[in-house]
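Below is structure.cif, which holds mmCIF, C-alpha atoms.
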data_start
#
loop_
_atom_site.group_PDB
_atom_site.id
_atom_site.type_symbol
_atom_site.label_atom_id
_atom_site.label_comp_id
_atom_site.auth_asym_id
_atom_site.auth_seq_id
_atom_site.Cartn_x
_atom_site.Cartn_y
_atom_site.Cartn_z
ATOM 1 C CA MET A 1 84.595 125.158 104.731
ATOM 2 C CA TYR A 2 86.796 127.904 103.329
ATOM 3 C CA LEU A 3 90.101 128.149 101.495
ATOM 4 C CA ASN A 4 91.526 131.273 103.092
ATOM 5 C CA LYS A 5 94.328 133.173 101.441
ATOM 6 C CA ILE A 6 97.233 133.347 103.906
ATOM 7 C CA GLY A 7 99.986 134.937 101.853
ATOM 8 C CA GLU A 8 101.289 135.563 98.382
ATOM 9 C CA CYS A 9 104.563 136.214 96.616
ATOM 10 C CA SER A 10 104.234 138.171 93.394
ATOM 11 C CA PHE A 11 106.157 137.497 90.202
ATOM 12 C CA VAL A 12 104.954 137.288 86.606
ATOM 13 C CA VAL A 13 103.786 133.663 86.531
ATOM 14 C CA GLY A 14 104.161 130.301 88.260
ATOM 15 C CA TYR A 15 103.858 127.025 86.330
ATOM 16 C CA ASP A 16 104.866 124.233 88.703
ATOM 17 C CA VAL A 17 105.544 124.164 92.445
ATOM 18 C CA GLN A 18 107.102 121.829 94.979
ATOM 19 C CA VAL A 19 107.621 122.567 98.668
ATOM 20 C CA TYR A 20 110.751 121.183 100.321
ATOM 21 C CA GLY A 21 112.508 122.083 103.566
ATOM 22 C CA GLY A 22 110.682 125.352 104.217
ATOM 23 C CA TYR A 23 111.050 126.617 100.648
ATOM 24 C CA ALA A 24 108.702 126.590 97.651
ATOM 25 C CA TYR A 25 110.360 125.975 94.298
ATOM 26 C CA VAL A 26 108.249 127.617 91.587
ATOM 27 C CA THR A 27 109.013 127.537 87.860
ATOM 28 C CA ASN A 28 108.424 130.710 85.884
ATOM 29 C CA ASN A 29 109.526 132.315 82.616
ATOM 30 C CA ASP A 30 113.137 132.764 83.733
ATOM 31 C CA GLY A 31 113.765 129.613 85.744
ATOM 32 C CA VAL A 32 112.903 128.633 89.313
ATOM 33 C CA MET A 33 111.996 131.077 92.047
ATOM 34 C CA VAL A 34 113.139 129.789 95.453
ATOM 35 C CA VAL A 35 110.632 131.231 97.932
ATOM 36 C CA ASP A 36 111.139 131.157 101.690
ATOM 37 C CA VAL A 37 107.790 130.006 103.114
ATOM 38 C CA SER A 38 108.885 129.484 106.723
ATOM 39 C CA ASN A 39 106.374 132.238 107.496
ATOM 40 C CA PRO A 40 103.445 131.421 105.161
ATOM 41 C CA SER A 41 101.839 134.811 105.754
ATOM 42 C CA ASN A 42 104.957 136.572 104.504
ATOM 43 C CA PRO A 43 106.675 134.492 101.792
ATOM 44 C CA LYS A 44 109.807 136.020 100.288
ATOM 45 C CA VAL A 45 111.951 135.204 97.270
ATOM 46 C CA ALA A 46 115.232 133.866 98.652
ATOM 47 C CA SER A 47 117.023 133.162 95.368
ATOM 48 C CA GLU A 48 116.485 132.221 91.736
ATOM 49 C CA ILE A 49 117.816 129.443 89.538
ATOM 50 C CA LEU A 50 118.144 130.941 86.058
ATOM 51 C CA THR A 51 117.562 128.561 83.143
ATOM 52 C CA GLU A 52 117.361 130.999 80.192
ATOM 53 C CA GLN A 53 114.081 129.381 79.100
ATOM 54 C CA ALA A 54 110.715 128.760 80.735
ATOM 55 C CA PRO A 55 110.674 125.400 82.550
ATOM 56 C CA PHE A 56 107.307 123.770 83.096
ATOM 57 C CA THR A 57 108.277 121.128 85.654
ATOM 58 C CA VAL A 58 110.382 120.930 88.796
ATOM 59 C CA SER A 59 111.193 118.174 91.268
ATOM 60 C CA VAL A 60 113.222 118.425 94.477
ATOM 61 C CA SER A 61 114.878 115.370 96.001
ATOM 62 C CA GLY A 62 118.000 114.517 97.972
ATOM 63 C CA GLY A 63 119.257 118.086 98.167
ATOM 64 C CA ASN A 64 118.959 118.634 94.397
ATOM 65 C CA CYS A 65 116.504 120.621 92.302
ATOM 66 C CA TYR A 66 115.700 119.045 88.910
ATOM 67 C CA VAL A 67 114.299 121.367 86.250
ATOM 68 C CA GLY A 68 113.313 120.570 82.664
ATOM 69 C CA TYR A 69 112.422 123.060 79.949
ATOM 70 C CA SER A 70 111.213 123.209 76.388
ATOM 71 C CA SER A 71 114.392 122.265 74.531
ATOM 72 C CA GLY A 72 114.630 119.015 76.486
ATOM 73 C CA THR A 73 117.497 120.337 78.583
ATOM 74 C CA PHE A 74 117.880 119.835 82.330
ATOM 75 C CA PHE A 75 119.276 121.982 85.062
ATOM 76 C CA ILE A 76 120.235 120.031 88.174
ATOM 77 C CA SER A 77 121.162 122.356 91.033
ATOM 78 C CA ASN A 78 122.446 121.644 94.511
ATOM 79 C CA ILE A 79 120.133 123.352 97.017
ATOM 80 C CA SER A 80 121.836 122.386 100.279
ATOM 81 C CA ASP A 81 121.968 126.167 100.675
ATOM 82 C CA PRO A 82 118.667 127.368 99.124
ATOM 83 C CA ILE A 83 119.782 130.978 99.327
ATOM 84 C CA ASN A 84 122.765 130.185 97.122
ATOM 85 C CA PRO A 85 121.844 127.257 94.825
ATOM 86 C CA GLN A 86 124.677 125.861 92.726
ATOM 87 C CA THR A 87 124.072 124.336 89.305
ATOM 88 C CA GLU A 88 125.867 120.988 89.267
ATOM 89 C CA PHE A 89 124.828 119.611 85.917
ATOM 90 C CA PHE A 90 123.457 121.048 82.712
ATOM 91 C CA PRO A 91 122.794 118.089 80.411
ATOM 92 C CA SER A 92 120.510 117.460 77.468
ATOM 93 C CA GLY A 93 117.653 115.091 78.231
ATOM 94 C CA GLY A 94 116.860 114.495 74.564
ATOM 95 C CA SER A 95 114.205 116.001 72.326
ATOM 96 C CA GLY A 96 110.759 116.916 73.581
ATOM 97 C CA VAL A 97 109.235 119.182 76.202
ATOM 98 C CA PRO A 98 109.582 117.775 79.763
ATOM 99 C CA THR A 99 106.178 117.874 81.451
ATOM 100 C CA LYS A 100 106.749 115.960 84.699
ATOM 101 C CA ILE A 101 109.832 114.881 86.659
ATOM 102 C CA ASP A 102 109.790 112.312 89.462
ATOM 103 C CA VAL A 103 112.954 111.307 91.317
ATOM 104 C CA VAL A 104 113.478 108.092 93.292
ATOM 105 C CA GLY A 105 116.953 107.773 94.728
ATOM 106 C CA THR A 106 119.338 108.357 91.830
ATOM 107 C CA PHE A 107 116.722 107.510 89.194
ATOM 108 C CA VAL A 108 115.077 110.359 87.315
ATOM 109 C CA PHE A 109 111.776 109.659 85.523
ATOM 110 C CA VAL A 110 110.654 112.216 82.943
ATOM 111 C CA SER A 111 107.526 112.445 80.774
ATOM 112 C CA TYR A 112 107.746 114.373 77.499
ATOM 113 C CA ARG A 113 104.977 115.976 75.495
ATOM 114 C CA ASP A 114 104.525 114.225 72.123
ATOM 115 C CA VAL A 115 107.501 111.950 72.816
ATOM 116 C CA GLY A 116 106.907 109.480 75.685
ATOM 117 C CA PHE A 117 109.040 109.019 78.788
ATOM 118 C CA ARG A 118 112.670 108.422 79.691
ATOM 119 C CA ILE A 119 114.453 107.024 82.734
ATOM 120 C CA PHE A 120 117.885 108.357 83.730
ATOM 121 C CA ASN A 121 120.424 107.517 86.412
ATOM 122 C CA PHE A 122 121.997 110.650 87.884
ATOM 123 C CA THR A 123 125.390 110.808 89.557
ATOM 124 C CA SER A 124 127.313 113.951 90.399
ATOM 125 C CA THR A 125 129.002 113.820 86.997
ATOM 126 C CA ASP A 126 126.628 112.018 84.629
ATOM 127 C CA LEU A 127 122.997 111.709 83.603
ATOM 128 C CA ASP A 128 122.871 108.299 81.977
ATOM 129 C CA LEU A 129 119.879 107.301 79.860
ATOM 130 C CA LEU A 130 118.660 103.883 81.000
ATOM 131 C CA TYR A 131 115.410 103.553 79.079
ATOM 132 C CA PHE A 132 113.334 105.409 76.494
ATOM 133 C CA TYR A 133 109.671 104.652 75.816
ATOM 134 C CA SER A 134 108.459 106.284 72.610
ATOM 135 C CA ASP A 135 104.818 107.356 72.486
ATOM 136 C CA SER A 136 102.494 109.872 70.880
ATOM 137 C CA GLY A 137 102.208 111.996 74.013
ATOM 138 C CA GLY A 138 103.170 112.361 77.630
ATOM 139 C CA GLU A 139 101.839 114.900 80.129
ATOM 140 C CA SER A 140 102.501 113.193 83.451
ATOM 141 C CA LEU A 141 103.765 110.159 85.327
ATOM 142 C CA ALA A 142 103.714 108.786 88.859
ATOM 143 C CA ILE A 143 105.827 106.164 90.640
ATOM 144 C CA GLN A 144 104.851 103.847 93.483
ATOM 145 C CA ASP A 145 107.089 100.979 94.590
ATOM 146 C CA ASP A 146 107.962 98.971 91.467
ATOM 147 C CA MET A 147 105.167 100.420 89.301
ATOM 148 C CA LEU A 148 105.250 103.339 86.885
ATOM 149 C CA TYR A 149 102.038 105.004 85.693
ATOM 150 C CA PHE A 150 102.433 107.073 82.537
ATOM 151 C CA GLY A 151 99.747 109.518 81.421
ATOM 152 C CA ASN A 152 99.219 109.778 77.673
ATOM 153 C CA PRO A 153 96.516 112.362 76.861
ATOM 154 C CA ASN A 154 95.513 110.417 73.767
ATOM 155 C CA SER A 155 95.129 106.909 75.165
ATOM 156 C CA GLY A 156 95.000 107.003 78.979
ATOM 157 C CA ILE A 157 97.225 105.662 81.757
ATOM 158 C CA LYS A 158 99.862 103.149 80.712
ATOM 159 C CA VAL A 159 101.025 100.813 83.468
ATOM 160 C CA PHE A 160 104.609 99.525 83.616
ATOM 161 C CA LYS A 161 106.408 97.233 86.055
ATOM 162 C CA ILE A 162 109.879 98.632 86.789
ATOM 163 C CA SER A 163 111.408 95.917 88.987
ATOM 164 C CA ALA A 164 114.266 96.014 86.467
ATOM 165 C CA ILE A 165 114.667 99.755 86.144
ATOM 166 C CA SER A 166 116.423 99.680 82.775
ATOM 167 C CA SER A 167 113.868 97.367 81.172
ATOM 168 C CA PRO A 168 110.298 98.265 82.260
ATOM 169 C CA VAL A 169 107.593 95.779 81.356
ATOM 170 C CA TYR A 170 104.385 97.138 79.847
ATOM 171 C CA VAL A 171 101.329 95.717 81.673
ATOM 172 C CA ARG A 172 98.215 97.437 80.333
ATOM 173 C CA THR A 173 96.531 100.707 79.393
ATOM 174 C CA VAL A 174 93.726 102.086 81.564
ATOM 175 C CA SER A 175 91.390 104.223 79.484
ATOM 176 C CA THR A 176 90.593 107.654 80.935
ATOM 177 C CA SER A 177 88.347 108.646 77.991
ATOM 178 C CA THR A 178 90.214 111.953 77.551
ATOM 179 C CA SER A 179 93.300 114.005 78.344
ATOM 180 C CA VAL A 180 95.458 113.044 81.334
ATOM 181 C CA TRP A 181 97.100 116.222 82.606
ATOM 182 C CA ASP A 182 98.370 115.567 86.145
ATOM 183 C CA MET A 183 98.689 112.519 88.425
ATOM 184 C CA HIS A 184 99.230 112.143 92.159
ATOM 185 C CA ILE A 185 99.482 108.989 94.284
ATOM 186 C CA HIS A 186 98.763 108.907 98.004
ATOM 187 C CA ASP A 187 98.046 105.887 100.189
ATOM 188 C CA ASN A 188 97.243 103.429 97.362
ATOM 189 C CA LEU A 189 94.969 105.936 95.646
ATOM 190 C CA MET A 190 95.787 107.639 92.367
ATOM 191 C CA TYR A 191 94.233 111.007 91.559
ATOM 192 C CA VAL A 192 94.170 111.994 87.898
ATOM 193 C CA GLY A 193 93.465 115.507 86.641
ATOM 194 C CA ARG A 194 92.040 115.468 83.125
ATOM 195 C CA HIS A 195 92.311 118.720 81.211
ATOM 196 C CA GLY A 196 88.798 119.750 80.257
ATOM 197 C CA ALA A 197 87.202 116.657 81.803
ATOM 198 C CA GLY A 198 87.536 116.824 85.595
ATOM 199 C CA ILE A 199 89.040 114.255 87.959
ATOM 200 C CA ARG A 200 89.244 110.500 88.272
ATOM 201 C CA ILE A 201 90.136 108.536 91.407
ATOM 202 C CA TYR A 202 91.635 105.048 91.099
ATOM 203 C CA SER A 203 92.337 102.360 93.676
ATOM 204 C CA LEU A 204 95.807 100.797 93.490
ATOM 205 C CA SER A 205 94.964 97.861 95.756
ATOM 206 C CA ASN A 206 95.983 95.822 92.714
ATOM 207 C CA PRO A 207 98.895 97.971 91.462
ATOM 208 C CA SER A 208 98.985 96.285 88.060
ATOM 209 C CA ASN A 209 95.323 97.015 87.394
ATOM 210 C CA PRO A 210 94.068 100.377 88.725
ATOM 211 C CA SER A 211 90.319 100.311 89.321
ATOM 212 C CA LEU A 212 88.132 103.381 88.903
ATOM 213 C CA LEU A 213 86.418 104.504 92.118
ATOM 214 C CA ARG A 214 84.906 107.784 90.993
ATOM 215 C CA SER A 215 84.819 110.221 88.112
ATOM 216 C CA LEU A 216 84.067 113.875 88.843
ATOM 217 C CA ILE A 217 83.094 116.549 86.348
ATOM 218 C CA GLU A 218 83.586 120.004 87.826
ATOM 219 C CA ASP A 219 80.853 122.563 87.341
ATOM 220 C CA ASP A 220 83.271 125.231 86.144
ATOM 221 C CA GLY A 221 84.680 123.494 83.100
ATOM 222 C CA GLY A 222 86.870 120.794 84.606
ATOM 223 C CA GLU A 223 90.319 122.093 83.715
ATOM 224 C CA ALA A 224 92.048 120.118 86.534
ATOM 225 C CA GLN A 225 95.601 121.165 85.677
ATOM 226 C CA GLY A 226 97.021 120.202 89.081
ATOM 227 C CA VAL A 227 95.938 117.638 91.691
ATOM 228 C CA VAL A 228 97.380 116.788 95.110
ATOM 229 C CA ALA A 229 95.933 114.895 98.096
ATOM 230 C CA ASP A 230 96.630 113.869 101.679
ATOM 231 C CA ASP A 231 94.752 111.512 104.008
ATOM 232 C CA ASP A 232 91.626 113.659 104.170
ATOM 233 C CA PHE A 233 91.471 116.157 101.325
ATOM 234 C CA LEU A 234 91.990 116.461 97.586
ATOM 235 C CA TYR A 235 92.954 119.836 96.131
ATOM 236 C CA VAL A 236 92.477 120.717 92.466
ATOM 237 C CA ALA A 237 93.915 123.690 90.541
ATOM 238 C CA ASP A 238 92.349 124.943 87.330
ATOM 239 C CA ASN A 239 92.004 128.150 85.346
ATOM 240 C CA TYR A 240 89.047 129.213 87.490
ATOM 241 C CA GLY A 241 90.435 128.684 90.984
ATOM 242 C CA VAL A 242 91.205 126.012 93.563
ATOM 243 C CA GLU A 243 88.768 123.442 94.958
ATOM 244 C CA ALA A 244 88.991 121.222 98.030
ATOM 245 C CA TYR A 245 87.238 117.849 98.341
ATOM 246 C CA ASN A 246 86.637 115.708 101.401
ATOM 247 C CA ILE A 247 87.955 112.249 100.447
ATOM 248 C CA SER A 248 87.359 110.390 103.707
ATOM 249 C CA ASN A 249 85.328 108.142 101.409
ATOM 250 C CA PRO A 250 87.307 108.166 98.120
ATOM 251 C CA SER A 251 84.398 106.563 96.301
ATOM 252 C CA SER A 252 82.198 109.520 97.176
ATOM 253 C CA PRO A 253 84.266 112.729 97.392
ATOM 254 C CA ILE A 254 82.447 115.895 98.434
ATOM 255 C CA GLU A 255 83.455 119.405 97.367
ATOM 256 C CA ILE A 256 83.725 121.438 100.561
ATOM 257 C CA ALA A 257 85.495 124.653 99.532
ATOM 258 C CA GLU A 258 86.429 126.728 96.516
ATOM 259 C CA VAL A 259 88.282 129.989 96.020
ATOM 260 C CA THR A 260 88.261 131.964 92.776
ATOM 261 C CA ASN A 261 88.800 135.552 93.892
ATOM 262 C CA GLY A 262 92.258 136.771 92.971
ATOM 263 C CA ILE A 263 93.221 133.496 91.288
ATOM 264 C CA GLY A 264 94.059 133.655 87.609
ATOM 265 C CA ALA A 265 95.239 130.527 85.794
ATOM 266 C CA ALA A 266 96.121 128.203 88.669
ATOM 267 C CA HIS A 267 98.575 125.791 87.046
ATOM 268 C CA ASP A 268 99.776 123.526 89.854
ATOM 269 C CA LEU A 269 99.751 123.072 93.615
ATOM 270 C CA ASP A 270 101.464 121.312 96.494
ATOM 271 C CA ILE A 271 100.629 120.843 100.193
ATOM 272 C CA ASP A 272 102.817 121.015 103.270
ATOM 273 C CA ASN A 273 102.057 121.580 106.961
ATOM 274 C CA ASP A 274 98.335 122.222 106.408
ATOM 275 C CA TYR A 275 98.990 124.880 103.772
ATOM 276 C CA VAL A 276 98.232 124.740 100.049
ATOM 277 C CA TYR A 277 100.803 126.312 97.730
ATOM 278 C CA VAL A 278 99.462 127.380 94.326
ATOM 279 C CA ALA A 279 101.555 128.283 91.264
ATOM 280 C CA LEU A 280 99.470 130.636 89.151
ATOM 281 C CA GLY A 281 99.412 133.679 86.942
ATOM 282 C CA GLY A 282 100.970 136.261 89.245
ATOM 283 C CA GLY A 283 103.365 133.983 91.129
ATOM 284 C CA LEU A 284 102.710 131.972 94.281
ATOM 285 C CA MET A 285 99.648 131.989 96.527
ATOM 286 C CA ILE A 286 99.348 130.232 99.890
ATOM 287 C CA LEU A 287 95.961 128.984 101.112
ATOM 288 C CA GLU A 288 94.699 127.325 104.290
ATOM 289 C CA LEU A 289 91.592 125.174 104.647
ATOM 290 C CA SER A 290 89.468 126.312 107.581
ATOM 291 C CA ASP A 291 85.924 126.062 108.910
ATOM 292 C CA THR A 292 85.815 129.840 109.365
ATOM 293 C CA LYS A 293 86.222 132.542 106.756
ATOM 294 C CA SER A 294 88.920 135.093 107.439
ATOM 295 C CA PRO A 295 89.690 138.315 105.578
ATOM 296 C CA TYR A 296 92.981 138.555 103.737
ATOM 297 C CA PHE A 297 95.112 141.669 103.848
ATOM 298 C CA PRO A 298 98.014 141.895 101.380
ATOM 299 C CA ARG A 299 101.446 142.398 102.884
ATOM 300 C CA TYR A 300 101.529 146.067 101.973
ATOM 301 C CA PHE A 301 98.390 146.555 104.076
ATOM 302 C CA TYR A 302 100.414 145.932 107.217
ATOM 303 C CA TYR A 303 102.632 148.847 106.259
ATOM 304 C CA VAL A 304 99.711 151.078 105.274
ATOM 305 C CA ILE A 305 98.086 150.821 108.739
ATOM 306 C CA PRO A 306 101.046 152.067 110.835
ATOM 307 C CA ILE A 307 101.943 154.701 108.242
ATOM 308 C CA GLY A 308 98.321 155.853 108.216
ATOM 309 C CA ILE A 309 98.295 156.063 112.006
ATOM 310 C CA VAL A 310 101.492 158.153 111.997
ATOM 311 C CA VAL A 311 100.111 160.485 109.307
ATOM 312 C CA LEU A 312 96.772 160.848 111.105
ATOM 313 C CA GLY A 313 98.570 161.554 114.360
ATOM 314 C CA GLY A 314 100.642 164.223 112.642
ATOM 315 C CA VAL A 315 97.540 165.862 111.192
ATOM 316 C CA ILE A 316 95.787 165.884 114.583
ATOM 317 C CA PHE A 317 98.907 167.369 116.186
ATOM 318 C CA LEU A 318 99.066 170.155 113.594
ATOM 319 C CA VAL A 319 95.336 170.928 113.959
ATOM 320 C CA ILE A 320 95.663 171.218 117.728
ATOM 321 C CA LYS A 321 98.747 173.396 117.380
ATOM 322 C CA LEU A 322 97.037 175.720 114.879
ATOM 323 C CA ARG A 323 93.985 176.065 117.133
ATOM 324 C CA LYS A 324 96.196 177.048 120.076
ATOM 325 C CA ARG A 325 97.882 179.713 117.933
ATOM 326 C CA LYS A 326 94.500 181.003 116.813
ATOM 327 C CA ASN A 327 93.287 181.263 120.389
ATOM 328 C CA LEU A 328 96.430 183.181 121.355
#

Go through the file and emit its structure as structure tokens.
Amino acid sequence: MYLNKIGECSFVVGYDVQVYGGYAYVTNNDGVMVVDVSNPSNPKVASEILTEQAPFTVSVSGGNCYVGYSSGTFFISNISDPINPQTEFFPSGGSGVPTKIDVVGTFVFVSYRDVGFRIFNFTSTDLDLLYFYSDSGGESLAIQDDMLYFGNPNSGIKVFKISAISSPVYVRTVSTSTSVWDMHIHDNLMYVGRHGAGIRIYSLSNPSNPSLLRSLIEDDGGEAQGVVADDDFLYVADNYGVEAYNISNPSSPIEIAEVTNGIGAAHDLDIDNDYVYVALGGGLMILELSDTKSPYFPRYFYYVIPIGIVVLGGVIFLVIKLRKRKNL
């Protein structure tokens, strides 16, 4: 199959992306670019949430956009009108660099590089710290039901039971042998991107004890900076491009498509309505998985064609007119 490029929206860089309500929220060096993707072949920047620093993680939930950047500070903006987002809250989340935000109801779960993770309760006026787990690292986390899975690049995946949200209970550590970089849960399966070491797929049939189904080492270096999956396919972003895997049998995934042309430093991705949204060096790229390969023409190409036709028509008209004068 093929990962066809459908559209792109150019800005300097994209670090993290989440698609919500017809818009893609992409972090970059200045904040969050809010991109209208209602027409995937012609995405347009609708607005921008300025954060003064480069945020590396974004999460959208319940009409709010949660952004964390290097000083540990949060921006929480109301996006009921994505064209005119309003910053509601600008609190400090504590020391450390936020690397992943997950929101469930009013609870905000945040992993921090070299610090651990924290759990907050957000109201319209307060961001209350409920729990702080100190650790040597923290690149990602994922929530499912009353379980929290915390990715420490040094030790693996730490499993916590969060039935009592303010007092999580540590259950066990699942060794991943090397760096956990991104985690995604879909349909009782957990997909783990390991920076420099490929992908691992775990079954969560026993949520307290994830069991390894398959470990994949990519042939291009195994960066695996972003992973996301649906019922049928797993998509992986790395510094070399984007790969798609058939996961109809999660124990035996098969790589079915890869795109590298025009992709520099793919940092993260999300999926929505059969499209794959990639945050990368250069901004946002939109891909579609298909069994046929289609050419991609940048947006400007659609302006070049009609302008070229008009210019060519003008030239032909002038040539004909000059020939008539010559004959006379």

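Using all atoms listed in the file, the shortest contact distance between Ala244 in chain A and any of A:Thr260, A:Gln18, A:Ser61, A:Ser179 is found at A:Thr260.
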
Cut-off 6 Å around (99.7, 109.7, 101.2) with all atoms listed in the file: residues as a PDB file with C-alpha atoms, keeping the file's coordinate frame:
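So selection_19.pdb came out as:
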ATOM      1  CA  HIS A 186      98.763 108.907  98.004  1.00  0.00           C
ATOM      2  CA  ASP A 187      98.046 105.887 100.189  1.00  0.00           C
ATOM      3  CA  ASP A 230      96.630 113.869 101.679  1.00  0.00           C
ATOM      4  CA  ASP A 231      94.752 111.512 104.008  1.00  0.00           C
TER       5      ASP A 231
END

Contact table range 95-184 of chain A vs range 76-83 of chain A, cut-off 12 Å, shortest pair per residue, only C-alpha atoms, as a Markdown table:
| residue | atom | partner | partner_atom | distance |
| --- | --- | --- | --- | --- |
| A:Ile101 | CA | A:Ile76 | CA | 11.7 |
| A:Val103 | CA | A:Ile76 | CA | 11.8 |
| A:Val108 | CA | A:Ile76 | CA | 11.0 |
| A:Phe122 | CA | A:Ile76 | CA | 9.5 |
| A:Thr123 | CA | A:Ile76 | CA | 10.7 |
| A:Ser124 | CA | A:Ile76 | CA | 9.6 |
| A:Thr125 | CA | A:Ile76 | CA | 10.8 |
| A:Asp126 | CA | A:Ile76 | CA | 10.8 |
| A:Leu127 | CA | A:Ile76 | CA | 9.9 |

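Residues with any atom within 8 Å of Ile199 in chain A, counting only C-alpha atoms and excluding same-chain neighbours fewer than 5 positions away, are Tyr191, Val192, Gly193, Arg194, Ser215, Leu216, Ile217, Glu218, Gly222 and Ala224 of chain A.
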
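You can rank A:Val171, A:Gln86, A:Asn152, A:Asn4 by their closest distance to Val276 in chain A using all atoms listed in the file, and at the top of that list sits A:Asn4.
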
Within 10 Å of Asp135 in chain A, counting only C-alpha atoms, which residues qualify if same-chain residues fewer than 2 places away don't, as a PyMOL selection string?
-> chain A and resi 112-117+132-133+137-138+152+154

Just want the 8 Å neighbourhood of Ser251 in chain A, counted on only C-alpha atoms, with same-chain residues fewer than 6 positions away dropped. Output as number ranges by chain. A: 201, 213-214

Practice problem: I would like the residues chosen by the PyMOL selection byres ((chain A and resi 120) around 7) on the shown file; could you give them as a PyMOL selection string? | Solution: chain A and resi 107-109+118-119+121-122+127-130

Selection file, C-alpha atoms, as a PDB file, in the coordinates of the input:
ATOM      1  CA  PHE A 107     116.722 107.510  89.194  1.00  0.00           C
ATOM      2  CA  VAL A 108     115.077 110.359  87.315  1.00  0.00           C
ATOM      3  CA  PHE A 109     111.776 109.659  85.523  1.00  0.00           C
ATOM      4  CA  ARG A 118     112.670 108.422  79.691  1.00  0.00           C
ATOM      5  CA  ILE A 119     114.453 107.024  82.734  1.00  0.00           C
ATOM      6  CA  ASN A 121     120.424 107.517  86.412  1.00  0.00           C
ATOM      7  CA  PHE A 122     121.997 110.650  87.884  1.00  0.00           C
ATOM      8  CA  LEU A 127     122.997 111.709  83.603  1.00  0.00           C
ATOM      9  CA  ASP A 128     122.871 108.299  81.977  1.00  0.00           C
ATOM     10  CA  LEU A 129     119.879 107.301  79.860  1.00  0.00           C
ATOM     11  CA  LEU A 130     118.660 103.883  81.000  1.00  0.00           C
TER      12      LEU A 130
END

Practice prompt. Tell me which protein, DNA and RNA residues are within 12 Å of Tyr235 in chain A, counting all atoms listed in the file, leaving out same-chain ones fewer than 5 positions away, and put them as a PyMOL selection string.
Written response: chain A and resi 3+184+191-193+199+224-230+241-247+253-259+266+268-271+274-278+287-289

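The shortest atom-to-atom distance to Asp30 in chain A, with all atoms listed in the file taken into account, belongs to A:Glu48 out of A:Glu139, A:Glu88, A:Glu48, A:Asp238.
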
Quick one: apply the PyMOL selection byres ((chain A and resi 9) around 6) to the file and drop the selected residues here as a list in words. Glu8, Ser10, Pro43 and Leu284 of chain A

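Picture a line from CA of Val110 in chain A to CA of Met33 in chain A; it runs 21.0 Å.
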
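Proximity of A:Pro207, A:Arg200, A:Ile286, A:Lys161 to Pro250 in chain A, computed with all atoms listed in the file, is greatest for A:Arg200.
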
At a cut-off of 10 Å, using only C-alpha atoms, what residues contact Val58 in chain A? Leave out same-chain residues fewer than 6 positions from it and give the result as a PDB file with C-alpha atoms, in the frame of the given file.
ATOM      1  CA  TYR A  15     103.858 127.025  86.330  1.00  0.00           C
ATOM      2  CA  ASP A  16     104.866 124.233  88.703  1.00  0.00           C
ATOM      3  CA  VAL A  17     105.544 124.164  92.445  1.00  0.00           C
ATOM      4  CA  GLN A  18     107.102 121.829  94.979  1.00  0.00           C
ATOM      5  CA  TYR A  25     110.360 125.975  94.298  1.00  0.00           C
ATOM      6  CA  VAL A  26     108.249 127.617  91.587  1.00  0.00           C
ATOM      7  CA  THR A  27     109.013 127.537  87.860  1.00  0.00           C
ATOM      8  CA  GLY A  31     113.765 129.613  85.744  1.00  0.00           C
ATOM      9  CA  VAL A  32     112.903 128.633  89.313  1.00  0.00           C
ATOM     10  CA  CYS A  65     116.504 120.621  92.302  1.00  0.00           C
ATOM     11  CA  TYR A  66     115.700 119.045  88.910  1.00  0.00           C
ATOM     12  CA  VAL A  67     114.299 121.367  86.250  1.00  0.00           C
ATOM     13  CA  GLY A  68     113.313 120.570  82.664  1.00  0.00           C
ATOM     14  CA  TYR A  69     112.422 123.060  79.949  1.00  0.00           C
ATOM     15  CA  PHE A  74     117.880 119.835  82.330  1.00  0.00           C
ATOM     16  CA  PHE A  75     119.276 121.982  85.062  1.00  0.00           C
ATOM     17  CA  ILE A  76     120.235 120.031  88.174  1.00  0.00           C
ATOM     18  CA  PRO A  98     109.582 117.775  79.763  1.00  0.00           C
ATOM     19  CA  THR A  99     106.178 117.874  81.451  1.00  0.00           C
ATOM     20  CA  LYS A 100     106.749 115.960  84.699  1.00  0.00           C
ATOM     21  CA  ILE A 101     109.832 114.881  86.659  1.00  0.00           C
ATOM     22  CA  ASP A 102     109.790 112.312  89.462  1.00  0.00           C
TER      23      ASP A 102
END

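When all atoms listed in the file are used to compute distances to Gly72 in chain A, the closest of the residues A:Asn39, A:Ser136, A:Thr57, A:Ser290 turns out to be A:Thr57.
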
Fix up range 83-88 of chain A with N, CA and C atoms, then write it as a short mmCIF file (atom, residue, chain, number, x, y, z; two decimals), in the coordinates of the input.
data_model
loop_
_atom_site.label_atom_id
_atom_site.label_comp_id
_atom_site.auth_asym_id
_atom_site.auth_seq_id
_atom_site.Cartn_x
_atom_site.Cartn_y
_atom_site.Cartn_z
N ILE A 83 119.56 129.56 99.62
CA ILE A 83 119.78 130.98 99.33
C ILE A 83 120.86 131.15 98.26
N ASN A 84 121.68 130.12 98.10
CA ASN A 84 122.76 130.18 97.12
C ASN A 84 122.85 128.86 96.36
N PRO A 85 121.83 128.53 95.56
CA PRO A 85 121.84 127.26 94.82
C PRO A 85 122.98 127.22 93.81
N GLN A 86 123.56 126.03 93.64
CA GLN A 86 124.68 125.86 92.73
C GLN A 86 124.31 124.84 91.65
N THR A 87 124.37 125.26 90.39
CA THR A 87 124.07 124.34 89.30
C THR A 87 125.21 123.34 89.16
N GLU A 88 124.87 122.04 89.34
CA GLU A 88 125.87 120.99 89.27
C GLU A 88 125.99 120.43 87.86
#
